[in-house]
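Structure file input_13.pdb (PDB, C-alpha atoms) is printed below.
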ATOM      1  CA  MET A  65     113.208 -68.634  22.049  1.00  0.00           C
ATOM      2  CA  ASN A  66     113.881 -71.500  19.642  1.00  0.00           C
ATOM      3  CA  PHE A  67     112.071 -72.009  16.362  1.00  0.00           C
ATOM      4  CA  ASP A  68     112.229 -75.064  14.140  1.00  0.00           C
ATOM      5  CA  HIS A  69     112.329 -74.411  10.401  1.00  0.00           C
ATOM      6  CA  HIS A  70     111.604 -77.305   8.078  1.00  0.00           C
ATOM      7  CA  TYR A  71     113.014 -77.675   4.567  1.00  0.00           C
ATOM      8  CA  GLY A  72     112.310 -80.178   1.868  1.00  0.00           C
ATOM      9  CA  VAL A  73     114.029 -81.057  -1.366  1.00  0.00           C
ATOM     10  CA  ARG A  74     113.621 -83.889  -3.790  1.00  0.00           C
ATOM     11  CA  VAL A  75     116.565 -85.611  -5.452  1.00  0.00           C
ATOM     12  CA  GLU A  76     115.588 -87.841  -8.363  1.00  0.00           C
ATOM     13  CA  TRP A  77     118.112 -90.132 -10.022  1.00  0.00           C
ATOM     14  CA  THR A  78     117.802 -89.837 -13.815  1.00  0.00           C
ATOM     15  CA  GLY A  79     120.857 -91.905 -14.680  1.00  0.00           C
ATOM     16  CA  ASN A  80     119.409 -95.329 -15.433  1.00  0.00           C
ATOM     17  CA  THR A  81     120.846 -96.041 -18.875  1.00  0.00           C
ATOM     18  CA  GLY A  82     118.813 -99.225 -19.173  1.00  0.00           C
ATOM     19  CA  ALA A  83     120.926-101.590 -17.099  1.00  0.00           C
ATOM     20  CA  GLY A  84     120.313-100.029 -13.693  1.00  0.00           C
ATOM     21  CA  THR A  85     123.207-100.512 -11.305  1.00  0.00           C
ATOM     22  CA  THR A  86     124.435-103.795 -12.741  1.00  0.00           C
ATOM     23  CA  GLY A  87     127.987-102.403 -12.674  1.00  0.00           C
ATOM     24  CA  TYR A  88     129.925 -99.334 -11.554  1.00  0.00           C
ATOM     25  CA  ARG A  89     130.270 -98.089 -15.135  1.00  0.00           C
ATOM     26  CA  GLU A  90     126.777 -99.090 -16.221  1.00  0.00           C
ATOM     27  CA  TYR A  91     124.857 -96.071 -14.911  1.00  0.00           C
ATOM     28  CA  SER A  92     124.969 -92.304 -15.068  1.00  0.00           C
ATOM     29  CA  ARG A  93     125.261 -90.203 -11.914  1.00  0.00           C
ATOM     30  CA  ASP A  94     122.809 -87.621 -13.290  1.00  0.00           C
ATOM     31  CA  ASN A  95     120.012 -86.437 -11.042  1.00  0.00           C
ATOM     32  CA  LEU A  96     117.535 -83.597 -10.611  1.00  0.00           C
ATOM     33  CA  VAL A  97     117.328 -81.538  -7.439  1.00  0.00           C
ATOM     34  CA  SER A  98     114.031 -79.760  -6.917  1.00  0.00           C
ATOM     35  CA  ALA A  99     111.962 -77.999  -4.313  1.00  0.00           C
ATOM     36  CA  GLU A 100     108.411 -76.782  -4.538  1.00  0.00           C
ATOM     37  CA  GLY A 101     108.288 -73.448  -6.351  1.00  0.00           C
ATOM     38  CA  ASN A 102     111.993 -73.379  -7.294  1.00  0.00           C
ATOM     39  CA  PRO A 103     113.752 -74.085 -10.592  1.00  0.00           C
ATOM     40  CA  ARG A 104     115.314 -77.518 -10.879  1.00  0.00           C
ATOM     41  CA  ILE A 105     119.065 -77.999 -10.526  1.00  0.00           C
ATOM     42  CA  ASP A 106     120.791 -80.493 -12.780  1.00  0.00           C
ATOM     43  CA  GLY A 107     123.001 -82.537 -10.475  1.00  0.00           C
ATOM     44  CA  SER A 108     125.621 -85.246 -10.935  1.00  0.00           C
ATOM     45  CA  ALA A 109     128.779 -86.541  -9.296  1.00  0.00           C
ATOM     46  CA  ASP A 110     132.108 -84.772  -9.620  1.00  0.00           C
ATOM     47  CA  THR A 111     133.986 -85.746 -12.794  1.00  0.00           C
ATOM     48  CA  PRO A 112     136.512 -88.061 -11.054  1.00  0.00           C
ATOM     49  CA  PHE A 113     133.546 -90.075  -9.794  1.00  0.00           C
ATOM     50  CA  ARG A 114     132.088 -90.559 -13.286  1.00  0.00           C
ATOM     51  CA  GLY A 115     129.883 -87.481 -13.123  1.00  0.00           C
ATOM     52  CA  THR A 116     128.730 -85.099 -15.814  1.00  0.00           C
ATOM     53  CA  PRO A 117     130.956 -81.992 -15.651  1.00  0.00           C
ATOM     54  CA  GLU A 118     128.228 -79.620 -16.897  1.00  0.00           C
ATOM     55  CA  ARG A 119     126.048 -80.404 -13.867  1.00  0.00           C
ATOM     56  CA  TRP A 120     126.352 -79.255 -10.252  1.00  0.00           C
ATOM     57  CA  ASN A 121     127.852 -81.806  -7.879  1.00  0.00           C
ATOM     58  CA  PRO A 122     127.136 -82.142  -4.136  1.00  0.00           C
ATOM     59  CA  GLU A 123     130.531 -80.748  -3.181  1.00  0.00           C
ATOM     60  CA  GLN A 124     129.915 -77.561  -5.183  1.00  0.00           C
ATOM     61  CA  LEU A 125     126.427 -77.252  -3.703  1.00  0.00           C
ATOM     62  CA  LEU A 126     127.814 -77.518  -0.152  1.00  0.00           C
ATOM     63  CA  LEU A 127     130.384 -74.830  -0.938  1.00  0.00           C
ATOM     64  CA  ALA A 128     127.668 -72.642  -2.505  1.00  0.00           C
ATOM     65  CA  SER A 129     125.483 -73.094   0.589  1.00  0.00           C
ATOM     66  CA  LEU A 130     128.279 -71.956   2.892  1.00  0.00           C
ATOM     67  CA  SER A 131     129.115 -68.969   0.706  1.00  0.00           C
ATOM     68  CA  GLN A 132     125.504 -67.891   0.255  1.00  0.00           C
ATOM     69  CA  CYS A 133     124.686 -68.296   3.956  1.00  0.00           C
ATOM     70  CA  HIS A 134     127.703 -66.223   4.977  1.00  0.00           C
ATOM     71  CA  MET A 135     126.808 -63.504   2.465  1.00  0.00           C
ATOM     72  CA  LEU A 136     123.230 -63.266   3.720  1.00  0.00           C
ATOM     73  CA  SER A 137     124.407 -63.181   7.346  1.00  0.00           C
ATOM     74  CA  TYR A 138     127.010 -60.540   6.457  1.00  0.00           C
ATOM     75  CA  LEU A 139     124.463 -58.290   4.765  1.00  0.00           C
ATOM     76  CA  HIS A 140     122.268 -58.499   7.891  1.00  0.00           C
ATOM     77  CA  VAL A 141     125.183 -57.678  10.201  1.00  0.00           C
ATOM     78  CA  ALA A 142     126.280 -54.818   7.928  1.00  0.00           C
ATOM     79  CA  VAL A 143     122.904 -53.133   8.371  1.00  0.00           C
ATOM     80  CA  LYS A 144     123.220 -53.407  12.169  1.00  0.00           C
ATOM     81  CA  HIS A 145     126.650 -51.719  12.053  1.00  0.00           C
ATOM     82  CA  GLY A 146     125.790 -48.941   9.591  1.00  0.00           C
ATOM     83  CA  ILE A 147     127.818 -50.434   6.754  1.00  0.00           C
ATOM     84  CA  VAL A 148     126.209 -49.849   3.356  1.00  0.00           C
ATOM     85  CA  VAL A 149     127.192 -52.722   1.070  1.00  0.00           C
ATOM     86  CA  THR A 150     126.810 -52.050  -2.648  1.00  0.00           C
ATOM     87  CA  GLY A 151     128.596 -55.116  -3.996  1.00  0.00           C
ATOM     88  CA  TYR A 152     129.576 -58.591  -2.815  1.00  0.00           C
ATOM     89  CA  VAL A 153     131.325 -61.381  -4.734  1.00  0.00           C
ATOM     90  CA  ASP A 154     132.785 -64.480  -3.112  1.00  0.00           C
ATOM     91  CA  ASP A 155     135.333 -66.775  -4.758  1.00  0.00           C
ATOM     92  CA  ALA A 156     135.015 -69.639  -2.283  1.00  0.00           C
ATOM     93  CA  GLN A 157     137.291 -72.675  -2.241  1.00  0.00           C
ATOM     94  CA  GLY A 158     136.868 -75.985  -0.464  1.00  0.00           C
ATOM     95  CA  ILE A 159     139.159 -78.915   0.155  1.00  0.00           C
ATOM     96  CA  MET A 160     137.761 -82.428   0.282  1.00  0.00           C
ATOM     97  CA  GLN A 161     140.030 -85.295   1.239  1.00  0.00           C
ATOM     98  CA  GLN A 162     139.222 -88.658  -0.284  1.00  0.00           C
ATOM     99  CA  VAL A 163     139.815 -91.552   2.101  1.00  0.00           C
ATOM    100  CA  GLY A 164     139.321 -94.934   0.463  1.00  0.00           C
ATOM    101  CA  GLU A 165     135.879 -94.918  -1.116  1.00  0.00           C
ATOM    102  CA  GLY A 166     134.654 -92.117   1.166  1.00  0.00           C
ATOM    103  CA  GLY A 167     135.999 -88.802   2.299  1.00  0.00           C
ATOM    104  CA  HIS A 168     135.241 -85.519   3.973  1.00  0.00           C
ATOM    105  CA  PHE A 169     135.795 -81.791   3.650  1.00  0.00           C
ATOM    106  CA  THR A 170     138.799 -80.597   5.609  1.00  0.00           C
ATOM    107  CA  SER A 171     138.225 -76.860   5.162  1.00  0.00           C
ATOM    108  CA  VAL A 172     136.462 -74.135   3.251  1.00  0.00           C
ATOM    109  CA  THR A 173     137.837 -70.652   2.665  1.00  0.00           C
ATOM    110  CA  LEU A 174     135.465 -67.862   1.727  1.00  0.00           C
ATOM    111  CA  ARG A 175     137.118 -64.974  -0.117  1.00  0.00           C
ATOM    112  CA  PRO A 176     134.453 -62.293  -0.424  1.00  0.00           C
ATOM    113  CA  THR A 177     135.199 -58.954  -2.029  1.00  0.00           C
ATOM    114  CA  VAL A 178     132.820 -56.481  -0.409  1.00  0.00           C
ATOM    115  CA  VAL A 179     132.214 -53.019  -1.814  1.00  0.00           C
ATOM    116  CA  ILE A 180     130.897 -50.442   0.658  1.00  0.00           C
ATOM    117  CA  SER A 181     129.713 -46.869   0.147  1.00  0.00           C
ATOM    118  CA  THR A 182     129.223 -45.905   3.795  1.00  0.00           C
ATOM    119  CA  GLY A 183     130.865 -47.016   7.012  1.00  0.00           C
ATOM    120  CA  ASP A 184     134.269 -47.781   8.443  1.00  0.00           C
ATOM    121  CA  PRO A 185     136.217 -50.279   6.299  1.00  0.00           C
ATOM    122  CA  ALA A 186     137.812 -51.750   9.448  1.00  0.00           C
ATOM    123  CA  VAL A 187     134.368 -52.466  10.869  1.00  0.00           C
ATOM    124  CA  ALA A 188     133.260 -53.902   7.521  1.00  0.00           C
ATOM    125  CA  GLN A 189     136.242 -56.257   7.736  1.00  0.00           C
ATOM    126  CA  ALA A 190     135.704 -57.188  11.382  1.00  0.00           C
ATOM    127  CA  ILE A 191     132.014 -58.055  11.139  1.00  0.00           C
ATOM    128  CA  HIS A 192     132.766 -61.121   9.024  1.00  0.00           C
ATOM    129  CA  ALA A 193     133.365 -62.933  12.329  1.00  0.00           C
ATOM    130  CA  GLU A 194     129.916 -61.941  13.602  1.00  0.00           C
ATOM    131  CA  ALA A 195     128.336 -63.002  10.312  1.00  0.00           C
ATOM    132  CA  SER A 196     130.098 -66.344  10.515  1.00  0.00           C
ATOM    133  CA  ALA A 197     128.706 -66.961  14.004  1.00  0.00           C
ATOM    134  CA  LEU A 198     125.180 -66.311  12.683  1.00  0.00           C
ATOM    135  CA  CYS A 199     125.481 -68.517   9.575  1.00  0.00           C
ATOM    136  CA  PHE A 200     123.250 -71.575  10.047  1.00  0.00           C
ATOM    137  CA  ILE A 201     125.172 -73.671   7.531  1.00  0.00           C
ATOM    138  CA  ALA A 202     128.648 -72.876   8.904  1.00  0.00           C
ATOM    139  CA  SER A 203     127.352 -73.725  12.384  1.00  0.00           C
ATOM    140  CA  SER A 204     126.288 -77.134  11.065  1.00  0.00           C
ATOM    141  CA  VAL A 205     129.530 -78.391   9.554  1.00  0.00           C
ATOM    142  CA  ASN A 206     132.413 -80.132  11.338  1.00  0.00           C
ATOM    143  CA  PHE A 207     135.289 -78.497   9.468  1.00  0.00           C
ATOM    144  CA  PRO A 208     136.688 -74.971   9.628  1.00  0.00           C
ATOM    145  CA  VAL A 209     135.156 -72.250   7.478  1.00  0.00           C
ATOM    146  CA  ARG A 210     137.777 -69.547   7.102  1.00  0.00           C
ATOM    147  CA  HIS A 211     137.348 -66.002   5.806  1.00  0.00           C
ATOM    148  CA  GLU A 212     139.759 -63.928   3.744  1.00  0.00           C
ATOM    149  CA  PRO A 213     137.659 -60.863   2.922  1.00  0.00           C
ATOM    150  CA  THR A 214     138.687 -57.850   0.899  1.00  0.00           C
ATOM    151  CA  ILE A 215     136.898 -54.551   1.557  1.00  0.00           C
ATOM    152  CA  ARG A 216     136.744 -51.906  -1.128  1.00  0.00           C
ATOM    153  CA  VAL A 217     135.328 -48.420  -0.665  1.00  0.00           C
ATOM    154  CA  GLU A 218     133.111 -47.293  -3.519  1.00  0.00           C
ATOM    155  CA  SER A 219     134.530 -44.215  -5.194  1.00  0.00           C
TER     156      SER A 219
END
Starting from the file, give its structure as structure tokens.
Amino acid sequence: MNFDHHYGVRVEWTGNTGAGTTGYREYSRDNLVSAEGNPRIDGSADTPFRGTPERWNPEQLLLASLSQCHMLSYLHVAVKHGIVVTGYVDDAQGIMQQVGEGGHFTSVTLRPTVVISTGDPAVAQAIHAEASALCFIASSVNFPVRHEPTIRVES
């Protein structure tokens, strides 16, 4: 059975410095990302594209979405396989290739360190593939999302 889930966000440009977009250097890339009931996210472009480095950029948000989706899928799959996860940290990396004025991601590598207290570490390692297949975001992108997990057994 298929179910449609609908999501909404608002992105508001806050970078009009008074001259609008009269020139490439005449405006800020700052923006606010919001959704009903959630805290706002201060967004901008990446620094090479004249963005504000203290703000989240779209590339980081895409990487965060992939990492978070995989983690949530992994935790679900862990329960199904009797793996008790007590810690999870992912140091994800993405590669975006600039082509002219555009570009695209060529790959993302998720590097989660998973701490377990119960279950077979080999199974905990193997179920990353199942979690990846369930991740809605990874299933929606057209570049490879690789996994280099580390499993640690809680002492």
Original post:
Contacts of Glu123 of chain A at 10 Å or less, counting only C-alpha atoms, minus same-chain residues fewer than 4 places along, as a PyMOL selection string?
Top reply: chain A and resi 109-110+127-129+158-160+168-169
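Interatomic distance, atom CA of Ser203 of chain A to atom CA of Ala186 of chain A: 24.5 Å.
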Subject >> Given only C-alpha atoms as the counted atoms, nearest of A:Val179, A:Val209, A:Ala188, A:Ala195 to Ala156 of chain A >> reply: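 Closest to Ala156 of chain A, using only C-alpha atoms: A:Val209.
The two atoms in question, atom CA of Ser196 of chain A and atom CA of Val217 of chain A, are spaced 21.8 Å apart.
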**OP:** Rank A:His70, A:Arg119, A:His192, A:Arg175 by their smallest atom-to-atom distance to Ser137 of chain A, using all atoms listed in the file, and report the top residue only.
**Re:**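 Under the stated criterion, the closest residue is A:His192.
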